[in-house]
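K.L.:
Mind looking over this structure? Questions follow.
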Amino acid sequence: MLARKSIIPEEYVLARIAAENLRKPRIRDRPRKARFIAKNGACNLAHKNIREQGRFLQDIFTTLVDLKWRHTLVIFTMSFLCSWLLFAMMWWLVAFAHGDMDPSTESTTNSTKWTPCVTCVRSFTSAFLFSIEVQVTIGFGGRMMTEECPLAITVLILQNIVGLIINAVMLGCIFMKTAQAHRRAETLIFSRQAVIAVRNGKLCFMFRVGDLRKSMIISASVRIQVVRKTTTPEGEVIPIHQVDIPVDNPIESNNIFLVAPLIICHVIDKRSPLYDISAADLALQDLELIVILEGVVETTGITTQARTSYIAEEILWGHRFVPIVTEEEGVYAVDYSKFGNTIKVAAPRCSARELDEKPSILIQTLQKSELSHQNSLRKRNSMRRNNSIRRSNSMRRTNPSLIVPKVQFITPEGNQSASET
């Protein structure tokens, strides 16, 4: 703006901008790999160029359930409106073919007995209202069908059958959408970050999972998969290569009792894809660990599944989750404010393979951590001691009554000496 008003020359402005850009170092981060599973469990996958679209219509009920709510409500409304309009047209045609629409029939009705197919149906509007009364079984009493027309009886039976089918399909679709399994998965939570630490003398990959509801998940099980891009010896590139990794569970059935938040542990051994990864190599790894929690909802009996994933930047090496379950007045209390909190602990920075080959690394790491812990305790105690001495000195200065008075002693020789007690 200043250059446009000729206050500052344009050449000077351009030179200054170029100099500022040269001074600032440009740091280009490594391009982040797209996640296969988002943190909320959604699959980051787009289906393109599907040619056989008719396969979705073969399973129309599942297609209706998978639609968004706004599309489902539009289809729900239009299905009833279209059926009412269709049968209203049929009732109007029946009345028109029988001659109920002819105004001369009203005069002949008084002199001779004229029986219409449907009473009080004189226009398309009245036929539409009668169609709604038949399908919804309202029956106001003004319009009713007679025994005059067998075709009208057939239309009545057909409309009742079609109305029942529409009610069953649309109400079932709405019920399935409201009771979908992923709604229950909203209250199954995972820790935002995973940790790698030593447990029982082994490097372990750990994360925390919890259930916010009191109603339990029956037969809950946890599976972990590693997704990475691999290349076979033949040169084939597999963009999404999935490898199952075992979960350390002392229960033989491999089910967990998710009554309180649990720490799920995977021991990094020879079967693990993380066996050759060290703390320095973890940040350079292009991998994603997918966690899948499955179980049956206690209240509805529907199988639900909750998912999340951890990339290399979300795995903390040498950390451990803080305990959040305490016993208060005979009741176990869970503090969810500390659900994802971790503390730093001693852990070797080498890979699990190096740790198996050289067990002394773990002993040296634990000894160093013990020495550092003792030193920190000594520093803390010395700081507390110094603080208490400073506090007592400051109290003596502020309160003169706490100062001890000086006492004079007289020796037999007559010399006076002053000392403080």
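In the structure tokens, chains take the letters A, B, ... in the order shown, each chain's residues start at 1, and ligands count up from 1 in the order shown.
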List the spatial neighbours of Leu129 (chain A) as a PDB file with all heavy atoms, in the first residue's frame - criterion: any atom at most 12 Å away, only C-alpha atoms, same-chain residues fewer than 4 positions off excluded.

P.N.:
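Generated output (out-v5.pdb):
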```pdb
ATOM      1  N   LEU A  81     -45.550 -40.099   0.479  1.00  0.00           N
ATOM      2  CA  LEU A  81     -46.249 -39.167  -0.409  1.00  0.00           C
ATOM      3  C   LEU A  81     -46.530 -39.788  -1.778  1.00  0.00           C
ATOM      4  O   LEU A  81     -47.633 -39.635  -2.332  1.00  0.00           O
ATOM      5  CB  LEU A  81     -45.435 -37.883  -0.567  1.00  0.00           C
ATOM      6  CG  LEU A  81     -45.426 -36.913   0.630  1.00  0.00           C
ATOM      7  CD1 LEU A  81     -44.515 -35.740   0.338  1.00  0.00           C
ATOM      8  CD2 LEU A  81     -46.830 -36.422   0.946  1.00  0.00           C
ATOM      9  N   TRP A  84     -49.328 -42.361  -1.486  1.00  0.00           N
ATOM     10  CA  TRP A  84     -50.644 -41.709  -1.345  1.00  0.00           C
ATOM     11  C   TRP A  84     -51.122 -41.127  -2.676  1.00  0.00           C
ATOM     12  O   TRP A  84     -52.294 -41.260  -3.039  1.00  0.00           O
ATOM     13  CB  TRP A  84     -50.567 -40.611  -0.294  1.00  0.00           C
ATOM     14  CG  TRP A  84     -50.305 -41.123   1.095  1.00  0.00           C
ATOM     15  CD1 TRP A  84     -50.508 -42.374   1.562  1.00  0.00           C
ATOM     16  CD2 TRP A  84     -49.765 -40.376   2.181  1.00  0.00           C
ATOM     17  NE1 TRP A  84     -50.137 -42.485   2.876  1.00  0.00           N
ATOM     18  CE2 TRP A  84     -49.670 -41.260   3.286  1.00  0.00           C
ATOM     19  CE3 TRP A  84     -49.334 -39.065   2.346  1.00  0.00           C
ATOM     20  CZ2 TRP A  84     -49.189 -40.861   4.532  1.00  0.00           C
ATOM     21  CZ3 TRP A  84     -48.855 -38.659   3.580  1.00  0.00           C
ATOM     22  CH2 TRP A  84     -48.792 -39.541   4.657  1.00  0.00           C
ATOM     23  N   LEU A  85     -50.219 -40.480  -3.407  1.00  0.00           N
ATOM     24  CA  LEU A  85     -50.599 -39.894  -4.692  1.00  0.00           C
ATOM     25  C   LEU A  85     -50.937 -40.970  -5.718  1.00  0.00           C
ATOM     26  O   LEU A  85     -51.890 -40.816  -6.521  1.00  0.00           O
ATOM     27  CB  LEU A  85     -49.467 -39.006  -5.215  1.00  0.00           C
ATOM     28  CG  LEU A  85     -49.239 -37.684  -4.469  1.00  0.00           C
ATOM     29  CD1 LEU A  85     -47.961 -37.016  -4.959  1.00  0.00           C
ATOM     30  CD2 LEU A  85     -50.426 -36.751  -4.653  1.00  0.00           C
ATOM     31  N   PHE A  87     -52.146 -44.059  -5.223  1.00  0.00           N
ATOM     32  CA  PHE A  87     -53.448 -44.676  -4.961  1.00  0.00           C
ATOM     33  C   PHE A  87     -54.580 -43.647  -5.021  1.00  0.00           C
ATOM     34  O   PHE A  87     -55.730 -44.014  -5.284  1.00  0.00           O
ATOM     35  CB  PHE A  87     -53.423 -45.381  -3.608  1.00  0.00           C
ATOM     36  CG  PHE A  87     -52.690 -46.684  -3.639  1.00  0.00           C
ATOM     37  CD1 PHE A  87     -51.377 -46.779  -3.203  1.00  0.00           C
ATOM     38  CD2 PHE A  87     -53.309 -47.822  -4.128  1.00  0.00           C
ATOM     39  CE1 PHE A  87     -50.707 -47.987  -3.239  1.00  0.00           C
ATOM     40  CE2 PHE A  87     -52.640 -49.034  -4.168  1.00  0.00           C
ATOM     41  CZ  PHE A  87     -51.327 -49.118  -3.733  1.00  0.00           C
ATOM     42  N   ALA A  88     -54.247 -42.373  -4.793  1.00  0.00           N
ATOM     43  CA  ALA A  88     -55.269 -41.346  -5.005  1.00  0.00           C
ATOM     44  C   ALA A  88     -55.661 -41.287  -6.475  1.00  0.00           C
ATOM     45  O   ALA A  88     -56.845 -41.145  -6.827  1.00  0.00           O
ATOM     46  CB  ALA A  88     -54.759 -39.994  -4.524  1.00  0.00           C
ATOM     47  N   MET A  89     -54.653 -41.418  -7.359  1.00  0.00           N
ATOM     48  CA  MET A  89     -54.962 -41.468  -8.793  1.00  0.00           C
ATOM     49  C   MET A  89     -55.792 -42.695  -9.135  1.00  0.00           C
ATOM     50  O   MET A  89     -56.738 -42.615  -9.945  1.00  0.00           O
ATOM     51  CB  MET A  89     -53.654 -41.469  -9.590  1.00  0.00           C
ATOM     52  CG  MET A  89     -53.848 -41.513 -11.101  1.00  0.00           C
ATOM     53  SD  MET A  89     -54.692 -40.046 -11.738  1.00  0.00           S
ATOM     54  CE  MET A  89     -53.430 -38.801 -11.449  1.00  0.00           C
ATOM     55  N   TRP A  91     -57.894 -44.322  -7.104  1.00  0.00           N
ATOM     56  CA  TRP A  91     -59.258 -44.122  -6.603  1.00  0.00           C
ATOM     57  C   TRP A  91     -60.022 -43.125  -7.473  1.00  0.00           C
ATOM     58  O   TRP A  91     -61.228 -43.290  -7.710  1.00  0.00           O
ATOM     59  CB  TRP A  91     -59.214 -43.614  -5.149  1.00  0.00           C
ATOM     60  CG  TRP A  91     -58.826 -44.651  -4.140  1.00  0.00           C
ATOM     61  CD1 TRP A  91     -57.722 -44.658  -3.361  1.00  0.00           C
ATOM     62  CD2 TRP A  91     -59.553 -45.833  -3.809  1.00  0.00           C
ATOM     63  NE1 TRP A  91     -57.680 -45.761  -2.555  1.00  0.00           N
ATOM     64  CE2 TRP A  91     -58.815 -46.512  -2.812  1.00  0.00           C
ATOM     65  CE3 TRP A  91     -60.741 -46.408  -4.265  1.00  0.00           C
ATOM     66  CZ2 TRP A  91     -59.230 -47.708  -2.261  1.00  0.00           C
ATOM     67  CZ3 TRP A  91     -61.160 -47.610  -3.708  1.00  0.00           C
ATOM     68  CH2 TRP A  91     -60.407 -48.248  -2.724  1.00  0.00           C
ATOM     69  N   TRP A  92     -59.338 -42.127  -7.965  1.00  0.00           N
ATOM     70  CA  TRP A  92     -60.007 -41.159  -8.838  1.00  0.00           C
ATOM     71  C   TRP A  92     -60.426 -41.808 -10.156  1.00  0.00           C
ATOM     72  O   TRP A  92     -61.514 -41.549 -10.677  1.00  0.00           O
ATOM     73  CB  TRP A  92     -59.066 -39.985  -9.106  1.00  0.00           C
ATOM     74  CG  TRP A  92     -59.686 -38.881  -9.918  1.00  0.00           C
ATOM     75  CD1 TRP A  92     -60.471 -37.866  -9.479  1.00  0.00           C
ATOM     76  CD2 TRP A  92     -59.569 -38.709 -11.336  1.00  0.00           C
ATOM     77  NE1 TRP A  92     -60.844 -37.048 -10.511  1.00  0.00           N
ATOM     78  CE2 TRP A  92     -60.308 -37.560 -11.679  1.00  0.00           C
ATOM     79  CE3 TRP A  92     -58.900 -39.419 -12.353  1.00  0.00           C
ATOM     80  CZ2 TRP A  92     -60.406 -37.090 -12.976  1.00  0.00           C
ATOM     81  CZ3 TRP A  92     -59.007 -38.962 -13.654  1.00  0.00           C
ATOM     82  CH2 TRP A  92     -59.749 -37.808 -13.957  1.00  0.00           C
ATOM     83  N   VAL A 118     -67.169 -45.140  -3.974  1.00  0.00           N
ATOM     84  CA  VAL A 118     -66.708 -44.520  -2.730  1.00  0.00           C
ATOM     85  C   VAL A 118     -67.558 -43.281  -2.519  1.00  0.00           C
ATOM     86  O   VAL A 118     -67.647 -42.425  -3.412  1.00  0.00           O
ATOM     87  CB  VAL A 118     -65.206 -44.157  -2.779  1.00  0.00           C
ATOM     88  CG1 VAL A 118     -64.774 -43.537  -1.459  1.00  0.00           C
ATOM     89  CG2 VAL A 118     -64.358 -45.381  -3.092  1.00  0.00           C
ATOM     90  N   CYS A 120     -68.761 -39.672  -1.330  1.00  0.00           N
ATOM     91  CA  CYS A 120     -68.166 -38.340  -1.131  1.00  0.00           C
ATOM     92  C   CYS A 120     -66.819 -38.174  -1.816  1.00  0.00           C
ATOM     93  O   CYS A 120     -65.952 -37.429  -1.340  1.00  0.00           O
ATOM     94  CB  CYS A 120     -68.045 -38.011   0.357  1.00  0.00           C
ATOM     95  SG  CYS A 120     -69.606 -38.016   1.246  1.00  0.00           S
ATOM     96  N   VAL A 121     -66.566 -38.879  -2.900  1.00  0.00           N
ATOM     97  CA  VAL A 121     -65.361 -38.688  -3.703  1.00  0.00           C
ATOM     98  C   VAL A 121     -65.796 -38.042  -5.006  1.00  0.00           C
ATOM     99  O   VAL A 121     -66.295 -38.717  -5.930  1.00  0.00           O
ATOM    100  CB  VAL A 121     -64.626 -40.022  -3.954  1.00  0.00           C
ATOM    101  CG1 VAL A 121     -63.433 -39.815  -4.892  1.00  0.00           C
ATOM    102  CG2 VAL A 121     -64.156 -40.622  -2.644  1.00  0.00           C
ATOM    103  N   ARG A 122     -65.668 -36.718  -5.091  1.00  0.00           N
ATOM    104  CA  ARG A 122     -66.112 -35.947  -6.241  1.00  0.00           C
ATOM    105  C   ARG A 122     -64.967 -35.263  -6.991  1.00  0.00           C
ATOM    106  O   ARG A 122     -65.193 -34.662  -8.022  1.00  0.00           O
ATOM    107  CB  ARG A 122     -67.109 -34.872  -5.773  1.00  0.00           C
ATOM    108  CG  ARG A 122     -68.332 -35.412  -5.074  1.00  0.00           C
ATOM    109  CD  ARG A 122     -69.204 -36.200  -6.031  1.00  0.00           C
ATOM    110  NE  ARG A 122     -70.401 -36.706  -5.379  1.00  0.00           N
ATOM    111  CZ  ARG A 122     -71.323 -37.458  -5.987  1.00  0.00           C
ATOM    112  NH1 ARG A 122     -71.164 -37.766  -7.267  1.00  0.00           N
ATOM    113  NH2 ARG A 122     -72.375 -37.889  -5.320  1.00  0.00           N
ATOM    114  N   SER A 123     -63.742 -35.320  -6.444  1.00  0.00           N
ATOM    115  CA  SER A 123     -62.599 -34.666  -7.081  1.00  0.00           C
ATOM    116  C   SER A 123     -61.326 -35.415  -6.702  1.00  0.00           C
ATOM    117  O   SER A 123     -61.339 -36.365  -5.902  1.00  0.00           O
ATOM    118  CB  SER A 123     -62.502 -33.189  -6.648  1.00  0.00           C
ATOM    119  OG  SER A 123     -62.297 -33.105  -5.253  1.00  0.00           O
ATOM    120  N   PHE A 124     -60.230 -34.959  -7.308  1.00  0.00           N
ATOM    121  CA  PHE A 124     -58.944 -35.601  -6.991  1.00  0.00           C
ATOM    122  C   PHE A 124     -58.529 -35.313  -5.546  1.00  0.00           C
ATOM    123  O   PHE A 124     -57.884 -36.142  -4.904  1.00  0.00           O
ATOM    124  CB  PHE A 124     -57.869 -35.112  -7.964  1.00  0.00           C
ATOM    125  CG  PHE A 124     -56.535 -35.753  -7.738  1.00  0.00           C
ATOM    126  CD1 PHE A 124     -56.276 -37.037  -8.194  1.00  0.00           C
ATOM    127  CD2 PHE A 124     -55.526 -35.084  -7.060  1.00  0.00           C
ATOM    128  CE1 PHE A 124     -55.047 -37.643  -7.977  1.00  0.00           C
ATOM    129  CE2 PHE A 124     -54.301 -35.672  -6.842  1.00  0.00           C
ATOM    130  CZ  PHE A 124     -54.052 -36.961  -7.305  1.00  0.00           C
ATOM    131  N   THR A 125     -58.908 -34.147  -5.023  1.00  0.00           N
ATOM    132  CA  THR A 125     -58.562 -33.819  -3.637  1.00  0.00           C
ATOM    133  C   THR A 125     -59.239 -34.770  -2.672  1.00  0.00           C
ATOM    134  O   THR A 125     -58.612 -35.276  -1.720  1.00  0.00           O
ATOM    135  CB  THR A 125     -58.949 -32.368  -3.329  1.00  0.00           C
ATOM    136  OG1 THR A 125     -58.328 -31.497  -4.261  1.00  0.00           O
ATOM    137  CG2 THR A 125     -58.526 -31.990  -1.920  1.00  0.00           C
ATOM    138  N   GLU A 133     -56.621 -41.783   4.295  1.00  0.00           N
ATOM    139  CA  GLU A 133     -57.418 -42.432   5.342  1.00  0.00           C
ATOM    140  C   GLU A 133     -57.320 -43.946   5.265  1.00  0.00           C
ATOM    141  O   GLU A 133     -57.277 -44.627   6.299  1.00  0.00           O
ATOM    142  CB  GLU A 133     -58.870 -41.985   5.203  1.00  0.00           C
ATOM    143  CG  GLU A 133     -59.098 -40.508   5.512  1.00  0.00           C
ATOM    144  CD  GLU A 133     -60.533 -40.086   5.251  1.00  0.00           C
ATOM    145  OE1 GLU A 133     -61.372 -40.987   5.029  1.00  0.00           O
ATOM    146  OE2 GLU A 133     -60.806 -38.883   5.246  1.00  0.00           O
ATOM    147  N   VAL A 134     -57.253 -44.484   4.062  1.00  0.00           N
ATOM    148  CA  VAL A 134     -57.163 -45.937   3.906  1.00  0.00           C
ATOM    149  C   VAL A 134     -55.804 -46.455   4.349  1.00  0.00           C
ATOM    150  O   VAL A 134     -55.697 -47.442   5.091  1.00  0.00           O
ATOM    151  CB  VAL A 134     -57.446 -46.330   2.439  1.00  0.00           C
ATOM    152  CG1 VAL A 134     -57.115 -47.799   2.194  1.00  0.00           C
ATOM    153  CG2 VAL A 134     -58.895 -46.072   2.104  1.00  0.00           C
ATOM    154  N   GLN A 135     -54.720 -45.796   3.910  1.00  0.00           N
ATOM    155  CA  GLN A 135     -53.376 -46.320   4.190  1.00  0.00           C
ATOM    156  C   GLN A 135     -52.976 -46.100   5.643  1.00  0.00           C
ATOM    157  O   GLN A 135     -52.281 -46.931   6.219  1.00  0.00           O
ATOM    158  CB  GLN A 135     -52.364 -45.656   3.253  1.00  0.00           C
ATOM    159  CG  GLN A 135     -50.983 -46.266   3.311  1.00  0.00           C
ATOM    160  CD  GLN A 135     -50.126 -45.844   2.149  1.00  0.00           C
ATOM    161  OE1 GLN A 135     -50.636 -45.491   1.092  1.00  0.00           O
ATOM    162  NE2 GLN A 135     -48.818 -45.876   2.338  1.00  0.00           N
ATOM    163  N   VAL A 136     -53.413 -44.989   6.226  1.00  0.00           N
ATOM    164  CA  VAL A 136     -53.043 -44.707   7.622  1.00  0.00           C
ATOM    165  C   VAL A 136     -54.118 -45.216   8.586  1.00  0.00           C
ATOM    166  O   VAL A 136     -53.934 -45.139   9.805  1.00  0.00           O
ATOM    167  CB  VAL A 136     -52.791 -43.191   7.791  1.00  0.00           C
ATOM    168  CG1 VAL A 136     -52.185 -42.863   9.141  1.00  0.00           C
ATOM    169  CG2 VAL A 136     -51.859 -42.677   6.705  1.00  0.00           C
ATOM    170  N   THR A 137     -55.212 -45.741   8.048  1.00  0.00           N
ATOM    171  CA  THR A 137     -56.341 -46.261   8.846  1.00  0.00           C
ATOM    172  C   THR A 137     -56.867 -45.209   9.817  1.00  0.00           C
ATOM    173  O   THR A 137     -57.027 -45.480  11.012  1.00  0.00           O
ATOM    174  CB  THR A 137     -55.937 -47.539   9.603  1.00  0.00           C
ATOM    175  OG1 THR A 137     -54.923 -47.218  10.547  1.00  0.00           O
ATOM    176  CG2 THR A 137     -55.445 -48.622   8.662  1.00  0.00           C
ATOM    177  N   ILE A 138     -57.146 -44.006   9.271  1.00  0.00           N
ATOM    178  CA  ILE A 138     -57.708 -42.956  10.111  1.00  0.00           C
ATOM    179  C   ILE A 138     -59.220 -43.134  10.208  1.00  0.00           C
ATOM    180  O   ILE A 138     -59.774 -43.318  11.283  1.00  0.00           O
ATOM    181  CB  ILE A 138     -57.352 -41.561   9.549  1.00  0.00           C
ATOM    182  CG1 ILE A 138     -55.837 -41.351   9.595  1.00  0.00           C
ATOM    183  CG2 ILE A 138     -58.060 -40.474  10.352  1.00  0.00           C
ATOM    184  CD1 ILE A 138     -55.392 -40.051   8.978  1.00  0.00           C
ATOM    185  N   GLY A 139     -59.913 -43.085   9.064  1.00  0.00           N
ATOM    186  CA  GLY A 139     -61.345 -43.303   9.029  1.00  0.00           C
ATOM    187  C   GLY A 139     -62.140 -42.208   9.712  1.00  0.00           C
ATOM    188  O   GLY A 139     -62.676 -42.405  10.803  1.00  0.00           O
ATOM    189  N   PHE A 140     -62.266 -41.050   9.068  1.00  0.00           N
ATOM    190  CA  PHE A 140     -63.053 -39.955   9.645  1.00  0.00           C
ATOM    191  C   PHE A 140     -64.561 -40.226   9.582  1.00  0.00           C
ATOM    192  O   PHE A 140     -65.325 -39.644  10.326  1.00  0.00           O
ATOM    193  CB  PHE A 140     -62.739 -38.639   8.918  1.00  0.00           C
ATOM    194  CG  PHE A 140     -61.349 -38.143   9.191  1.00  0.00           C
ATOM    195  CD1 PHE A 140     -60.404 -38.098   8.186  1.00  0.00           C
ATOM    196  CD2 PHE A 140     -60.980 -37.728  10.461  1.00  0.00           C
ATOM    197  CE1 PHE A 140     -59.118 -37.630   8.436  1.00  0.00           C
ATOM    198  CE2 PHE A 140     -59.699 -37.263  10.719  1.00  0.00           C
ATOM    199  CZ  PHE A 140     -58.773 -37.221   9.708  1.00  0.00           C
ATOM    200  N   GLY A 141     -64.986 -41.075   8.653  1.00  0.00           N
ATOM    201  CA  GLY A 141     -66.407 -41.418   8.578  1.00  0.00           C
ATOM    202  C   GLY A 141     -67.158 -40.752   7.472  1.00  0.00           C
ATOM    203  O   GLY A 141     -68.278 -41.169   7.146  1.00  0.00           O
ATOM    204  N   GLY A 142     -66.610 -39.715   6.828  1.00  0.00           N
ATOM    205  CA  GLY A 142     -67.317 -39.031   5.746  1.00  0.00           C
ATOM    206  C   GLY A 142     -67.237 -39.792   4.445  1.00  0.00           C
ATOM    207  O   GLY A 142     -68.197 -39.832   3.668  1.00  0.00           O
ATOM    208  N   ARG A 143     -66.070 -40.413   4.179  1.00  0.00           N
ATOM    209  CA  ARG A 143     -65.869 -41.164   2.950  1.00  0.00           C
ATOM    210  C   ARG A 143     -65.681 -42.629   3.292  1.00  0.00           C
ATOM    211  O   ARG A 143     -64.892 -42.972   4.185  1.00  0.00           O
ATOM    212  CB  ARG A 143     -64.637 -40.637   2.192  1.00  0.00           C
ATOM    213  CG  ARG A 143     -64.867 -39.326   1.467  1.00  0.00           C
ATOM    214  CD  ARG A 143     -63.563 -38.756   0.944  1.00  0.00           C
ATOM    215  NE  ARG A 143     -62.745 -38.245   2.032  1.00  0.00           N
ATOM    216  CZ  ARG A 143     -62.798 -36.989   2.460  1.00  0.00           C
ATOM    217  NH1 ARG A 143     -63.633 -36.129   1.896  1.00  0.00           N
ATOM    218  NH2 ARG A 143     -62.037 -36.588   3.447  1.00  0.00           N
ATOM    219  N   MET A 144     -66.413 -43.484   2.545  1.00  0.00           N
ATOM    220  CA  MET A 144     -66.288 -44.910   2.761  1.00  0.00           C
ATOM    221  C   MET A 144     -66.594 -45.647   1.472  1.00  0.00           C
ATOM    222  O   MET A 144     -67.226 -45.108   0.558  1.00  0.00           O
ATOM    223  CB  MET A 144     -67.224 -45.388   3.867  1.00  0.00           C
ATOM    224  CG  MET A 144     -68.694 -45.251   3.562  1.00  0.00           C
ATOM    225  SD  MET A 144     -69.702 -45.858   4.892  1.00  0.00           S
ATOM    226  CE  MET A 144     -71.337 -45.630   4.188  1.00  0.00           C
TER     227      MET A 144
END
```

K.L.:
Can you tell me, as an MDAnalysis selection string, what residues are no more than 12 Å from Gly340 (chain A) when counting only C-alpha atoms, ignoring any on the same chain fewer than 5 positions away?

P.N.:
chainID A and resid 189:195 206:210 261:263 314 316 319:324 335

K.L.:
Output C-alpha atoms for every residue in that selection, as a PDB file, in the first residue's frame.

P.N.:
```pdb
ATOM      1  CA  ILE A 189     -12.149 -44.438  24.449  1.00  0.00           C
ATOM      2  CA  PHE A 190      -8.476 -44.977  23.774  1.00  0.00           C
ATOM      3  CA  SER A 191      -5.473 -43.021  24.991  1.00  0.00           C
ATOM      4  CA  ARG A 192      -4.295 -40.371  22.543  1.00  0.00           C
ATOM      5  CA  GLN A 193      -0.740 -41.682  22.751  1.00  0.00           C
ATOM      6  CA  ALA A 194       0.852 -45.089  23.191  1.00  0.00           C
ATOM      7  CA  VAL A 195       4.027 -45.808  25.155  1.00  0.00           C
ATOM      8  CA  MET A 206       1.197 -50.284  25.680  1.00  0.00           C
ATOM      9  CA  PHE A 207      -1.941 -48.190  25.366  1.00  0.00           C
ATOM     10  CA  ARG A 208      -4.982 -47.616  27.545  1.00  0.00           C
ATOM     11  CA  VAL A 209      -8.610 -48.396  26.750  1.00  0.00           C
ATOM     12  CA  GLY A 210     -11.729 -47.588  28.771  1.00  0.00           C
ATOM     13  CA  PRO A 261      -9.768 -48.749  32.157  1.00  0.00           C
ATOM     14  CA  LEU A 262      -7.107 -51.283  31.263  1.00  0.00           C
ATOM     15  CA  ILE A 263      -3.588 -51.011  29.868  1.00  0.00           C
ATOM     16  CA  GLU A 314       2.178 -40.723  18.781  1.00  0.00           C
ATOM     17  CA  LEU A 316       6.309 -42.191  23.484  1.00  0.00           C
ATOM     18  CA  HIS A 319       6.990 -43.417  29.320  1.00  0.00           C
ATOM     19  CA  ARG A 320       4.396 -45.136  31.448  1.00  0.00           C
ATOM     20  CA  PHE A 321       0.729 -44.439  32.155  1.00  0.00           C
ATOM     21  CA  VAL A 322      -0.126 -43.033  35.557  1.00  0.00           C
ATOM     22  CA  PRO A 323      -2.546 -45.046  37.739  1.00  0.00           C
ATOM     23  CA  ILE A 324      -6.106 -43.686  37.702  1.00  0.00           C
ATOM     24  CA  ASP A 335     -10.229 -40.433  37.497  1.00  0.00           C
TER      25      ASP A 335
END
```

K.L.:
Would you please extract all strand (DSSP E) residues from region 229-259 of chain A, as assigned by DSSP on the backbone, and give them as a list in words?

P.N.:
Lys229, Thr230, Thr231, Val237, Ile238, Pro239, Ile240, His241, Gln242, Val243, Asp244 and Ile245 of chain A

K.L.:
Taking 5 positions as the minimum chain separation for residues in the same chain, which residues sit within 6 Å of region 272-288 of chain A when counting only C-alpha atoms? Answer as a list in words.

P.N.:
Val226, Val227, Arg228, Tyr310, Ile311, Ala312, Arg349, Cys350, Ser351, Ala352 and Arg353 of chain A

K.L.:
So that I can check the secondary structure, give me every residue of region 261-295 of chain A assigned alpha helix (DSSP H) by backbone DSSP, as a ChimeraX atom specification.

P.N.:
/A:279-282

K.L.:
Calculate how many Å separate CA of Lys68 (chain A) from CA of Ile174 (chain A), rounding to one decimal.

P.N.:
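Taking CA of Lys68 (chain A) as the start and CA of Ile174 (chain A) as the end point, the length is 11.1 Å.
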
K.L.:
Within 12 Å of Arg184 (chain A), counting only C-alpha atoms, which residues qualify if same-chain residues fewer than 4 places away don't, as a PyMOL selection string?

P.N.:
chain A and resi 178-180+188-189+211-213+215-217+293-306

K.L.:
Between CA of Ile245 (chain A) and CA of Ile196 (chain A), measure the distance and give it in Å to one decimal.

P.N.:
15.0 Å

K.L.:
Could you tell me how far CA of Thr72 (chain A) sits from CA of Glu52 (chain A), in Å to one decimal place?

P.N.:
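About the pair CA of Glu52 (chain A) and CA of Thr72 (chain A): they are 22.4 Å apart.
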
K.L.:
Between A:Ala260, A:Ala42, A:Leu93, A:Val198, which is the closest to Ile292 (chain A) once you count only C-alpha atoms?

P.N.:
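Checking each candidate against Ile292 (chain A), we get A:Ala42 as the closest.
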